[in-house]
Amino acid sequence: MQSIYRMRRRLADDAMRLAIVAAFFIFMPIASPYFLNMKNMMNILQNISLQGITAIGMTMVIITGGIDISVGGVMAFCVWVSASLMKSGMPWGFAILICLGIAAVCGSVNAFSIGVMKIPPMIATLAMMNMTRGLQTVISRGTTLTGLPDSFQFIGQGMVFGVIPLPAIIIVVLYLLASWFMKRTVMGRNIYAVGGNPEAARVAGIKNRRVLFFTYIACSMFATIAGIIFISRTNSAPATLGTNLEMRAIMAAVIGGTSVTFGGKGKIFGTFLGVVIVGLITNGLDLMGVSAYYQQFIQGVLVLTVVMLEAIRSNHAARKH
Amino acid sequence: MDNKTIINMRDIVMSFSGNRVLDGVHFTLREGEVHSLMGANGAGKSTLIKILNGIHHPVSGSIEIDGVPVRIREPKDAERHGLAFVHQELNVCRDMTVAENMYIGNWARDAMGLYDRRKTAQNAAHLLEMMGIDLDPYVTVRNLRTAEKQIIEILKTLTRNARVIILDEPTSSLNEKEKENFFDIIAKLKHQGVSIIFISHFLEDVMQLSDRVTVLKDGLNNGIFTRGSFAKEDLVTAMMGRSVENTVYRPLDLTEGGPLALELQHLSVERKFSDVDMRIQVGDIVGVCGLLGAGKTEIARAIFGMESITSGKIILFGEEISQPRPDRMLAKRVTLLTEERKLEGFVPLLSIRENTTLSILKHFRRRVTINLDAQRKRAEELAASMHIKMADIEQPVGSLSGGNQQKVVIAKCLASLPRLFLLDEPTRGVDVLAKLEIYKILRKAAEEGTTVVIFSSELEELLANCSKIIILKKGRAVGMVDSNQVTKNELMAMIG
Ligand SMILES: Nc1ncnc2c1ncn2[C@@H]1O[C@H](COP(=O)(O)OP(=O)(O)OP(=O)(O)O)[C@@H](O)[C@H]1O
Ligand SMILES: [Mg+2]
């Protein structure tokens, strides 16, 4: 009985987002019969994998009460290093390990500035963004790198059972894992506690710094994993790799109900819905043949609408409370 | 006294997600009276006045002001009717000055219409002086003590020229002397014709101040008393449904020279306290008292590793602790109940289950995940032993009544089975019955070998529970007395 009550409460949190997703599935097939095609569905999952995977780490960081705007830069730099290593003949598995290592270092530097030096997250990660973007520009010199090893391309282009692209599976698995992690592990709950009230967490014996190190490292690594999948899928690493990635990830988290005004509030599942909503909007506009020139504007309007509806709903709920 | 009624709240019904907390409550306020509102923790007092403030919206019921039906939709509406509020939880802007906080939203303007910092500070200084309070208007509030913040909250209402002032537990962190100051302020206001709604758990204060007392119990009116026609016991019975016996307790006789739980040697923290010595025996309950600024809170925090120690030694169960830090002290089974529960006590969005087990989350680890059933079971035990009033164990602690939040924080401390339990103002905002429950729990813990140190400005509390009381004065420990051999008045003279 109680668990039904809890389940209802949980679903009520995501009611608005679930309704929007449902609306797409009801109305889009009318606008374009191709929408419900399996291939299109997989296409959507594949297209959202870059910002989708990045948004997992971003959600965690935002829940601690922080923000990480260096994800685009860190991802571009790390991925460029690994792509160059692959081209120079290093086995790609090894190159990926090295680039994840660099991502971990970047994340640690962020966490050090924020947790130890007490620099505001926006400033600390802005500096990191500039440093990594700068280094990436140095090694890329504005060129696009192509011709990655064939076997490496399987990560982004491989098909499972002939129909499901590997990136679609990776993104779903990562979301399930992260959601479970945040709900059921000590570190996951500590992330909520530190974001919800850092002082109380400290008094309760939680090592706030350790939690921040974990979260920022995870955030950089998620972004880098997303980047690896991306270059493997497109078989190229453009110089502009990851521009605006931070904004798209933050947007997904916010649509997903994560609070950027105070920490401790947000859910991985909500972010998943946020990412899916953005993906559906883009896909819908594509299918309806809306010119790319208008798309960004329309996307902006739709996103603002979603966030406002959500705000009205939660303000209303708070008032009833 | 037949003054006209200014506020008339009728049949107020309020529920939070199906949980009914006010069930047709009446409340009236006459011009120029002090009307107290009493009731156990969670009875609905704060909810009732938040409705009057426009923070909550009742399911049904009506409010009349000066005989005219009004709708109070938001705090601005209440302000327009001349109502000013001090809520139970402090709402100061920590990075603004004392003056800016007192006049928040009403700052003095200069000829150009811009914020006039000097004039605002002058006005504040004037008011502070009039009220006999020694505070610098230019100081940033972050650096103040809890009691000082509470005074600022009270002064804030005085800058509004309100005709009704509503105070929700305004004296919970004031000591005897500050309370006298506060009573003077109330007397002055009353003299000016201001009406006051006063919520408090201190029976003495309520008896002294009120013209009338309304008692709430479980969301219902349970008696209204007029000055001179009731005794303390009547109030307690109305609130609790039974009489409550105060008991004095003495910890087990400890032989001098037994093992020490905690020893401080010449402990100093720059600008806070210096050269403090303390020797506390295992299994003892010891009190620490002193005026505002004597260093109670600071010493407690220094032992727990939340202040950086400039010199001196902390010896815990015979082991010297060179650099205390909360997580390390917790690992050594030392816990601290902090003074400001909202700031440091709990995580508001997390449930009772998660907050009570926050320090011991690791113990529920089963391979990698938390064993939720075990965690819930432990939390339910803790909540039951503390008699926490809640809808269910998953209720966010932020939505509990103030006194019940305090119980959650104490439960969190006890969950880690401390060997040394430091408590800073443990019964702030807690009702009479719950207070005794907390004492009982501390006494039981002491009998089981936990050493308890209570830092408190409530002298009765110390006299009723501690074997010895350490007296602090201006950051120095000036003496230690046996509680059997002093009275409250003697103690007050010693700290003053
Ligand atoms: N926002 C909220 N959401 C859910 N329940 C709430 C909320 N605010 C209050 N309650 C519940 O309403 C009841 C009454 O709370 P209220 O704060 O009015 O008590 P109180 O009489 O002021 O107690 P105290 O003396 O402890 O301050 C409590 O059981 C509390 O849990
Ligand atoms: Mg209250």
# chains A, B, ... in the order shown; residues from 1 in each chain; ligands from 1

$ interface_residues --of "chain B" --to "chain A" --cutoff "9 Å" --atoms "only C-alpha atoms" --output "MDAnalysis selection string"
chainID B and resid 15:17 55:59 304 306 325:331 335:338 341:350 354:355 358:362 364:365 368:372 394 412:413

$ residues_near_ligand --ligand "ligand 2" --cutoff "12 Å" --atoms "only C-alpha atoms and all ligand atoms" --output "short mmCIF file (atom, residue, chain, number, x, y, z; two decimals) with N, CA, C and O atoms, in the first residue's frame"
data_model
loop_
_atom_site.label_atom_id
_atom_site.label_comp_id
_atom_site.auth_asym_id
_atom_site.auth_seq_id
_atom_site.Cartn_x
_atom_site.Cartn_y
_atom_site.Cartn_z
N LEU B 37 0.23 31.58 22.07
CA LEU B 37 -0.26 30.40 21.40
C LEU B 37 0.64 29.27 21.86
O LEU B 37 1.87 29.35 21.72
N MET B 38 0.06 28.26 22.46
CA MET B 38 0.89 27.16 22.95
C MET B 38 0.40 25.83 22.40
O MET B 38 -0.72 25.72 21.90
N GLY B 39 1.25 24.83 22.51
CA GLY B 39 0.89 23.50 22.03
C GLY B 39 2.14 22.67 21.85
O GLY B 39 3.23 23.22 21.71
N ALA B 40 1.96 21.36 21.84
CA ALA B 40 3.11 20.46 21.68
C ALA B 40 3.74 20.66 20.31
O ALA B 40 3.16 21.30 19.43
N ASN B 41 4.91 20.10 20.10
CA ASN B 41 5.56 20.16 18.80
C ASN B 41 4.68 19.52 17.75
O ASN B 41 4.22 18.40 17.94
N GLY B 42 4.43 20.26 16.68
CA GLY B 42 3.60 19.71 15.62
C GLY B 42 2.11 19.94 15.84
O GLY B 42 1.29 19.43 15.10
N ALA B 43 1.76 20.74 16.86
CA ALA B 43 0.34 20.99 17.13
C ALA B 43 -0.27 21.87 16.04
O ALA B 43 -1.48 21.86 15.84
N GLY B 44 0.54 22.66 15.35
CA GLY B 44 0.04 23.49 14.26
C GLY B 44 0.15 24.98 14.50
O GLY B 44 -0.43 25.78 13.77
N LYS B 45 0.93 25.38 15.50
CA LYS B 45 1.07 26.80 15.82
C LYS B 45 1.69 27.58 14.66
O LYS B 45 1.13 28.58 14.19
N SER B 46 2.85 27.12 14.22
CA SER B 46 3.53 27.83 13.14
C SER B 46 2.67 27.85 11.88
O SER B 46 2.63 28.84 11.15
N THR B 47 2.00 26.74 11.63
CA THR B 47 1.14 26.67 10.44
C THR B 47 0.05 27.75 10.51
O THR B 47 -0.22 28.43 9.53
N LEU B 48 -0.54 27.90 11.70
CA LEU B 48 -1.62 28.88 11.85
C LEU B 48 -1.11 30.30 11.54
O LEU B 48 -1.75 31.06 10.81
N ILE B 49 0.07 30.63 12.05
CA ILE B 49 0.51 32.00 11.80
C ILE B 49 1.06 32.17 10.39
O ILE B 49 1.04 33.25 9.83
N LYS B 50 1.52 31.07 9.79
CA LYS B 50 1.95 31.17 8.40
C LYS B 50 0.75 31.42 7.49
O LYS B 50 0.86 32.03 6.43
N VAL B 86 7.96 37.38 13.04
CA VAL B 86 9.27 36.74 13.24
C VAL B 86 9.00 35.25 13.19
O VAL B 86 8.29 34.72 14.04
N HIS B 87 9.53 34.58 12.17
CA HIS B 87 9.26 33.16 12.07
C HIS B 87 10.24 32.36 12.90
O HIS B 87 11.28 32.84 13.30
N GLN B 88 9.85 31.10 13.10
CA GLN B 88 10.60 30.24 13.99
C GLN B 88 12.03 30.03 13.49
O GLN B 88 12.98 30.07 14.27
N GLU B 89 12.17 29.81 12.19
CA GLU B 89 13.51 29.62 11.66
C GLU B 89 14.05 30.98 11.25
O GLU B 89 13.35 31.78 10.64
N LEU B 167 5.27 36.71 16.91
CA LEU B 167 6.58 36.19 17.24
C LEU B 167 6.51 34.68 17.47
O LEU B 167 5.88 34.22 18.41
N ASP B 168 7.16 33.91 16.58
CA ASP B 168 7.15 32.46 16.71
C ASP B 168 8.45 32.03 17.39
O ASP B 168 9.51 32.02 16.77
N GLU B 169 8.36 31.67 18.63
CA GLU B 169 9.51 31.26 19.44
C GLU B 169 10.68 32.23 19.33
O GLU B 169 11.79 31.84 18.95
N PRO B 170 10.45 33.49 19.69
CA PRO B 170 11.50 34.48 19.51
C PRO B 170 12.60 34.38 20.56
O PRO B 170 13.70 34.88 20.35
N SER B 172 13.91 31.56 21.90
CA SER B 172 14.45 30.22 22.11
C SER B 172 15.96 30.21 22.29
O SER B 172 16.49 29.33 22.93
N PHE B 198 2.28 35.65 20.57
CA PHE B 198 3.54 35.15 21.09
C PHE B 198 3.48 33.63 21.18
O PHE B 198 2.59 33.08 21.81
N ILE B 199 4.43 32.97 20.48
CA ILE B 199 4.47 31.51 20.55
C ILE B 199 5.72 31.11 21.31
O ILE B 199 6.80 31.63 21.02
N SER B 200 5.57 30.25 22.29
CA SER B 200 6.75 29.85 23.04
C SER B 200 6.47 28.56 23.78
O SER B 200 5.33 28.21 24.06
N HIS B 201 7.56 27.83 24.06
CA HIS B 201 7.42 26.63 24.88
C HIS B 201 7.82 26.90 26.32
O HIS B 201 7.80 26.00 27.15
N LEU B 216 -3.39 24.87 21.49
CA LEU B 216 -3.76 23.96 20.40
C LEU B 216 -3.28 22.56 20.76
O LEU B 216 -2.22 22.39 21.36
N SER B 399 9.91 19.65 6.11
CA SER B 399 8.49 19.92 6.30
C SER B 399 8.00 19.52 7.69
O SER B 399 6.81 19.56 7.96
N LEU B 400 8.91 19.15 8.59
CA LEU B 400 8.49 18.84 9.96
C LEU B 400 8.38 20.12 10.76
O LEU B 400 8.95 21.14 10.41
N SER B 401 7.66 20.06 11.90
CA SER B 401 7.62 21.22 12.78
C SER B 401 8.99 21.38 13.43
O SER B 401 9.77 20.43 13.51
N GLY B 402 9.28 22.61 13.88
CA GLY B 402 10.61 22.93 14.40
C GLY B 402 11.08 21.98 15.48
O GLY B 402 12.21 21.47 15.44
N GLY B 403 10.21 21.71 16.44
CA GLY B 403 10.61 20.83 17.54
C GLY B 403 10.91 19.42 17.06
O GLY B 403 11.82 18.76 17.54
N ASN B 404 10.14 18.97 16.07
CA ASN B 404 10.37 17.62 15.55
C ASN B 404 11.64 17.55 14.73
O ASN B 404 12.30 16.52 14.69
N GLN B 405 12.00 18.65 14.08
CA GLN B 405 13.29 18.68 13.38
C GLN B 405 14.42 18.49 14.39
O GLN B 405 15.38 17.75 14.15
N GLN B 406 14.28 19.16 15.54
CA GLN B 406 15.31 19.04 16.56
C GLN B 406 15.44 17.57 17.01
O GLN B 406 16.54 17.06 17.20
N ARG B 428 16.32 23.50 22.31
CA ARG B 428 15.74 24.69 21.73
C ARG B 428 14.49 24.35 20.93
O ARG B 428 14.49 23.53 20.03
N GLY B 429 13.39 25.03 21.27
CA GLY B 429 12.17 24.87 20.49
C GLY B 429 11.45 23.56 20.73
O GLY B 429 10.59 23.18 19.95
N VAL B 430 11.80 22.87 21.81
CA VAL B 430 11.21 21.57 22.05
C VAL B 430 10.17 21.71 23.16
O VAL B 430 10.37 22.45 24.11
N ASP B 431 9.02 21.03 23.03
CA ASP B 431 7.97 21.22 24.02
C ASP B 431 8.29 20.55 25.36
O ASP B 431 9.24 19.76 25.45
#

$ residues_around --residues "Leu459 (chain B)" --least-positions-apart "2" --cutoff "9 Å" --atoms "only C-alpha atoms" --output "ChimeraX atom specification"
/B:175-176,289,456-457,461-464,488,491-492

$ select_by_dssp --residues "region 64-180 of chain B" --states "strand (DSSP E or B)" --output "list in words"
Glu64, Ile65, Val68, Pro69, Val70, Leu83, Ala84, Phe85, Val86, Thr97, Arg109, Tyr115, Thr140, Val164, Ile165, Ile166, Leu167 and Asp168 of chain B

$ write_last_selection --atoms "all heavy atoms" --output "short mmCIF file (atom, residue, chain, number, x, y, z; two decimals), in the first residue's frame"
data_model
loop_
_atom_site.label_atom_id
_atom_site.label_comp_id
_atom_site.auth_asym_id
_atom_site.auth_seq_id
_atom_site.Cartn_x
_atom_site.Cartn_y
_atom_site.Cartn_z
N GLU B 64 -10.80 37.67 9.52
CA GLU B 64 -11.30 39.05 9.52
C GLU B 64 -10.27 39.93 10.19
O GLU B 64 -9.72 39.57 11.22
CB GLU B 64 -12.61 39.14 10.30
CG GLU B 64 -13.81 38.64 9.54
CD GLU B 64 -15.05 38.62 10.40
OE1 GLU B 64 -15.04 39.22 11.50
OE2 GLU B 64 -16.04 37.98 9.99
N ILE B 65 -10.04 41.10 9.61
CA ILE B 65 -9.19 42.08 10.26
C ILE B 65 -10.03 43.33 10.46
O ILE B 65 -10.64 43.82 9.50
CB ILE B 65 -7.91 42.34 9.44
CG1 ILE B 65 -7.04 41.08 9.47
CG2 ILE B 65 -7.14 43.54 10.00
CD1 ILE B 65 -5.75 41.19 8.74
N VAL B 68 -13.48 43.18 9.07
CA VAL B 68 -13.69 43.09 7.63
C VAL B 68 -13.06 41.79 7.12
O VAL B 68 -11.89 41.53 7.41
CB VAL B 68 -13.04 44.28 6.90
CG1 VAL B 68 -13.33 44.21 5.41
CG2 VAL B 68 -13.51 45.59 7.50
N PRO B 69 -13.79 40.97 6.39
CA PRO B 69 -13.19 39.74 5.85
C PRO B 69 -12.06 40.09 4.87
O PRO B 69 -12.23 40.98 4.03
CB PRO B 69 -14.34 39.07 5.10
CG PRO B 69 -15.58 39.75 5.57
CD PRO B 69 -15.20 41.12 6.01
N VAL B 70 -10.93 39.41 5.02
CA VAL B 70 -9.81 39.69 4.12
C VAL B 70 -9.29 38.37 3.57
O VAL B 70 -9.53 37.31 4.13
CB VAL B 70 -8.64 40.40 4.85
CG1 VAL B 70 -9.03 41.78 5.27
CG2 VAL B 70 -8.17 39.58 6.04
N LEU B 83 0.71 43.78 9.76
CA LEU B 83 1.20 42.63 10.53
C LEU B 83 2.69 42.43 10.25
O LEU B 83 3.11 42.50 9.11
CB LEU B 83 0.45 41.36 10.13
CG LEU B 83 -1.07 41.42 9.97
CD1 LEU B 83 -1.61 40.04 9.64
CD2 LEU B 83 -1.71 41.94 11.24
N ALA B 84 3.47 42.20 11.29
CA ALA B 84 4.89 41.90 11.10
C ALA B 84 5.22 40.60 11.81
O ALA B 84 4.72 40.34 12.90
CB ALA B 84 5.74 43.04 11.65
N PHE B 85 6.05 39.78 11.17
CA PHE B 85 6.29 38.41 11.65
C PHE B 85 7.75 38.14 11.98
O PHE B 85 8.64 38.60 11.27
CB PHE B 85 5.87 37.41 10.57
CG PHE B 85 4.40 37.36 10.34
CD1 PHE B 85 3.79 38.31 9.52
CD2 PHE B 85 3.61 36.38 10.92
CE1 PHE B 85 2.42 38.28 9.30
CE2 PHE B 85 2.25 36.34 10.70
CZ PHE B 85 1.65 37.29 9.89
N VAL B 86 7.96 37.38 13.04
CA VAL B 86 9.27 36.74 13.24
C VAL B 86 9.00 35.25 13.19
O VAL B 86 8.29 34.72 14.04
CB VAL B 86 9.88 37.09 14.61
CG1 VAL B 86 11.15 36.30 14.83
CG2 VAL B 86 10.16 38.57 14.71
N THR B 97 24.67 43.67 6.38
CA THR B 97 25.00 44.15 7.72
C THR B 97 23.78 44.09 8.62
O THR B 97 22.65 43.86 8.16
CB THR B 97 25.48 45.61 7.67
OG1 THR B 97 24.38 46.42 7.26
CG2 THR B 97 26.64 45.79 6.72
N ARG B 109 16.56 56.17 1.86
CA ARG B 109 16.99 56.64 0.55
C ARG B 109 17.60 58.03 0.68
O ARG B 109 17.22 58.80 1.57
CB ARG B 109 15.77 56.75 -0.38
CG ARG B 109 14.97 55.49 -0.52
CD ARG B 109 15.71 54.51 -1.39
NE ARG B 109 14.94 53.28 -1.58
CZ ARG B 109 14.04 53.11 -2.53
NH1 ARG B 109 13.79 54.08 -3.38
NH2 ARG B 109 13.40 51.97 -2.65
N TYR B 115 20.06 54.03 -2.38
CA TYR B 115 20.23 53.46 -1.04
C TYR B 115 21.25 54.28 -0.25
O TYR B 115 22.36 54.51 -0.71
CB TYR B 115 20.68 52.01 -1.17
CG TYR B 115 21.23 51.43 0.11
CD1 TYR B 115 20.50 51.50 1.29
CD2 TYR B 115 22.48 50.79 0.13
CE1 TYR B 115 21.00 50.96 2.45
CE2 TYR B 115 22.98 50.25 1.29
CZ TYR B 115 22.23 50.34 2.46
OH TYR B 115 22.73 49.82 3.62
N THR B 140 28.68 42.52 9.65
CA THR B 140 28.00 41.56 8.78
C THR B 140 27.37 40.46 9.64
O THR B 140 28.01 39.94 10.55
CB THR B 140 29.01 40.93 7.80
OG1 THR B 140 29.67 41.98 7.14
CG2 THR B 140 28.30 40.06 6.79
N VAL B 164 0.44 44.95 14.66
CA VAL B 164 0.41 43.61 15.24
C VAL B 164 1.75 42.96 14.98
O VAL B 164 2.24 42.99 13.85
CB VAL B 164 -0.70 42.75 14.60
CG1 VAL B 164 -0.70 41.36 15.21
CG2 VAL B 164 -2.05 43.40 14.75
N ILE B 165 2.34 42.42 16.02
CA ILE B 165 3.62 41.73 15.83
C ILE B 165 3.43 40.27 16.23
O ILE B 165 2.86 39.96 17.29
CB ILE B 165 4.72 42.40 16.65
CG1 ILE B 165 5.02 43.77 16.05
CG2 ILE B 165 5.99 41.55 16.66
CD1 ILE B 165 6.11 44.53 16.74
N ILE B 166 3.87 39.37 15.36
CA ILE B 166 3.68 37.96 15.59
C ILE B 166 5.04 37.31 15.76
O ILE B 166 5.89 37.39 14.88
CB ILE B 166 2.91 37.31 14.42
CG1 ILE B 166 1.50 37.91 14.37
CG2 ILE B 166 2.81 35.81 14.59
CD1 ILE B 166 1.24 38.80 13.22
N LEU B 167 5.27 36.71 16.91
CA LEU B 167 6.58 36.19 17.24
C LEU B 167 6.51 34.68 17.47
O LEU B 167 5.88 34.22 18.41
CB LEU B 167 7.09 36.87 18.51
CG LEU B 167 7.13 38.40 18.50
CD1 LEU B 167 7.14 38.95 19.91
CD2 LEU B 167 8.33 38.89 17.73
N ASP B 168 7.16 33.91 16.58
CA ASP B 168 7.15 32.46 16.71
C ASP B 168 8.45 32.03 17.39
O ASP B 168 9.51 32.02 16.77
CB ASP B 168 7.02 31.81 15.33
CG ASP B 168 6.67 30.33 15.40
OD1 ASP B 168 6.71 29.77 16.51
OD2 ASP B 168 6.37 29.74 14.34
#

$ residues_around --residues "Arg141 (chain A)" --least-positions-apart "5" --cutoff "12 Å" --atoms "only C-alpha atoms" --output "PyMOL selection string"
chain A and resi 80+133-136+238-240

$ select_by_dssp --residues "region 103-294 of chain A" --states "helix (DSSP H, G or I)" --output "PyMOL selection string"
chain A and resi 103-116+121-140+151-157+166-184+186-196+198-203+208-234+245-255+268-287+292-294

$ residues_around --residues "region 472-479 of chain B" --least-positions-apart "3" --cutoff "12 Å" --atoms "only C-alpha atoms" --output "PyMOL selection string"
chain B and resi 264-279+287-299+455-457+468-469+482+491-496

$ residues_around --residues "Val21 (chain A)" --least-positions-apart "4" --cutoff "8 Å" --atoms "only C-alpha atoms" --output "PDB file with all heavy atoms, in the first residue's frame"
ATOM      1  N   ARG A  17       6.890  15.924 -17.612  1.00  0.00           N
ATOM      2  CA  ARG A  17       7.820  15.425 -18.616  1.00  0.00           C
ATOM      3  C   ARG A  17       7.257  14.191 -19.321  1.00  0.00           C
ATOM      4  O   ARG A  17       7.347  14.071 -20.551  1.00  0.00           O
ATOM      5  CB  ARG A  17       9.158  15.103 -17.960  1.00  0.00           C
ATOM      6  CG  ARG A  17       9.926  16.336 -17.568  1.00  0.00           C
ATOM      7  CD  ARG A  17      11.188  15.998 -16.815  1.00  0.00           C
ATOM      8  NE  ARG A  17      10.920  15.727 -15.409  1.00  0.00           N
ATOM      9  CZ  ARG A  17      10.790  16.678 -14.493  1.00  0.00           C
ATOM     10  NH1 ARG A  17      10.925  17.937 -14.832  1.00  0.00           N
ATOM     11  NH2 ARG A  17      10.534  16.369 -13.248  1.00  0.00           N
ATOM     12  N   PHE A  25       4.488  11.166 -28.905  1.00  0.00           N
ATOM     13  CA  PHE A  25       4.162   9.883 -29.514  1.00  0.00           C
ATOM     14  C   PHE A  25       2.731   9.832 -30.027  1.00  0.00           C
ATOM     15  O   PHE A  25       2.398   9.027 -30.869  1.00  0.00           O
ATOM     16  CB  PHE A  25       4.444   8.743 -28.527  1.00  0.00           C
ATOM     17  CG  PHE A  25       5.897   8.400 -28.501  1.00  0.00           C
ATOM     18  CD1 PHE A  25       6.765   9.057 -27.640  1.00  0.00           C
ATOM     19  CD2 PHE A  25       6.411   7.463 -29.394  1.00  0.00           C
ATOM     20  CE1 PHE A  25       8.113   8.770 -27.657  1.00  0.00           C
ATOM     21  CE2 PHE A  25       7.760   7.171 -29.413  1.00  0.00           C
ATOM     22  CZ  PHE A  25       8.619   7.828 -28.543  1.00  0.00           C
ATOM     23  N   LEU A 273      14.630  11.976 -19.252  1.00  0.00           N
ATOM     24  CA  LEU A 273      13.452  12.505 -19.948  1.00  0.00           C
ATOM     25  C   LEU A 273      13.780  13.852 -20.600  1.00  0.00           C
ATOM     26  O   LEU A 273      13.345  14.137 -21.709  1.00  0.00           O
ATOM     27  CB  LEU A 273      12.273  12.657 -18.978  1.00  0.00           C
ATOM     28  CG  LEU A 273      11.673  11.347 -18.457  1.00  0.00           C
ATOM     29  CD1 LEU A 273      10.529  11.639 -17.493  1.00  0.00           C
ATOM     30  CD2 LEU A 273      11.179  10.483 -19.610  1.00  0.00           C
ATOM     31  N   VAL A 276      15.626  13.217 -23.721  1.00  0.00           N
ATOM     32  CA  VAL A 276      14.715  12.654 -24.722  1.00  0.00           C
ATOM     33  C   VAL A 276      13.820  13.755 -25.302  1.00  0.00           C
ATOM     34  O   VAL A 276      13.605  13.818 -26.520  1.00  0.00           O
ATOM     35  CB  VAL A 276      13.864  11.520 -24.096  1.00  0.00           C
ATOM     36  CG1 VAL A 276      12.717  11.138 -25.016  1.00  0.00           C
ATOM     37  CG2 VAL A 276      14.745  10.314 -23.822  1.00  0.00           C
ATOM     38  N   ILE A 277      13.345  14.641 -24.442  1.00  0.00           N
ATOM     39  CA  ILE A 277      12.472  15.717 -24.931  1.00  0.00           C
ATOM     40  C   ILE A 277      13.210  16.585 -25.945  1.00  0.00           C
ATOM     41  O   ILE A 277      12.703  16.868 -27.033  1.00  0.00           O
ATOM     42  CB  ILE A 277      11.938  16.562 -23.753  1.00  0.00           C
ATOM     43  CG1 ILE A 277      10.911  15.745 -22.960  1.00  0.00           C
ATOM     44  CG2 ILE A 277      11.291  17.858 -24.258  1.00  0.00           C
ATOM     45  CD1 ILE A 277      10.459  16.384 -21.667  1.00  0.00           C
ATOM     46  N   LEU A 280      13.514  14.665 -29.112  1.00  0.00           N
ATOM     47  CA  LEU A 280      12.252  14.573 -29.851  1.00  0.00           C
ATOM     48  C   LEU A 280      11.936  15.877 -30.566  1.00  0.00           C
ATOM     49  O   LEU A 280      11.462  15.877 -31.712  1.00  0.00           O
ATOM     50  CB  LEU A 280      11.106  14.202 -28.901  1.00  0.00           C
ATOM     51  CG  LEU A 280      11.095  12.755 -28.387  1.00  0.00           C
ATOM     52  CD1 LEU A 280      10.039  12.581 -27.297  1.00  0.00           C
ATOM     53  CD2 LEU A 280      10.863  11.773 -29.527  1.00  0.00           C
TER      54      LEU A 280
END

$ residues_around --residues "Gly57 (chain A)" --least-positions-apart "6" --cutoff "6 Å" --atoms "only C-alpha atoms" --output "ChimeraX atom specification"
/A:218-219,222

$ closest_residue --among "A:Ala15, A:Ile217, A:Leu177, A:Ile119" --to "Gly107 (chain A)" --atoms "only C-alpha atoms"
A:Ile217

$ closest_residue --among "B:Asp110, B:Glu100, B:Asp284, B:Glu79" --to "Ala446 (chain B)" --atoms "only C-alpha atoms"
B:Asp284

$ decode --residues "region 403-417 of chain B" --atoms "C-alpha atoms" --output "CSV table (one decimal), in the first residue's frame"
chain,number,residue,atom,x,y,z
B,403,GLY,CA,10.6,20.8,17.5
B,404,ASN,CA,10.4,17.6,15.6
B,405,GLN,CA,13.3,18.7,13.4
B,406,GLN,CA,15.3,19.0,16.6
B,407,LYS,CA,14.4,15.5,17.5
B,408,VAL,CA,15.5,14.2,14.2
B,409,VAL,CA,18.9,15.9,14.6
B,410,ILE,CA,19.3,14.4,18.1
B,411,ALA,CA,18.3,11.0,16.7
B,412,LYS,CA,21.0,11.4,14.1
B,413,CYS,CA,23.6,12.0,16.8
B,414,LEU,CA,22.4,9.0,18.9
B,415,ALA,CA,22.4,6.8,15.9
B,416,SER,CA,26.2,6.8,15.8
B,417,LEU,CA,26.2,5.4,19.4
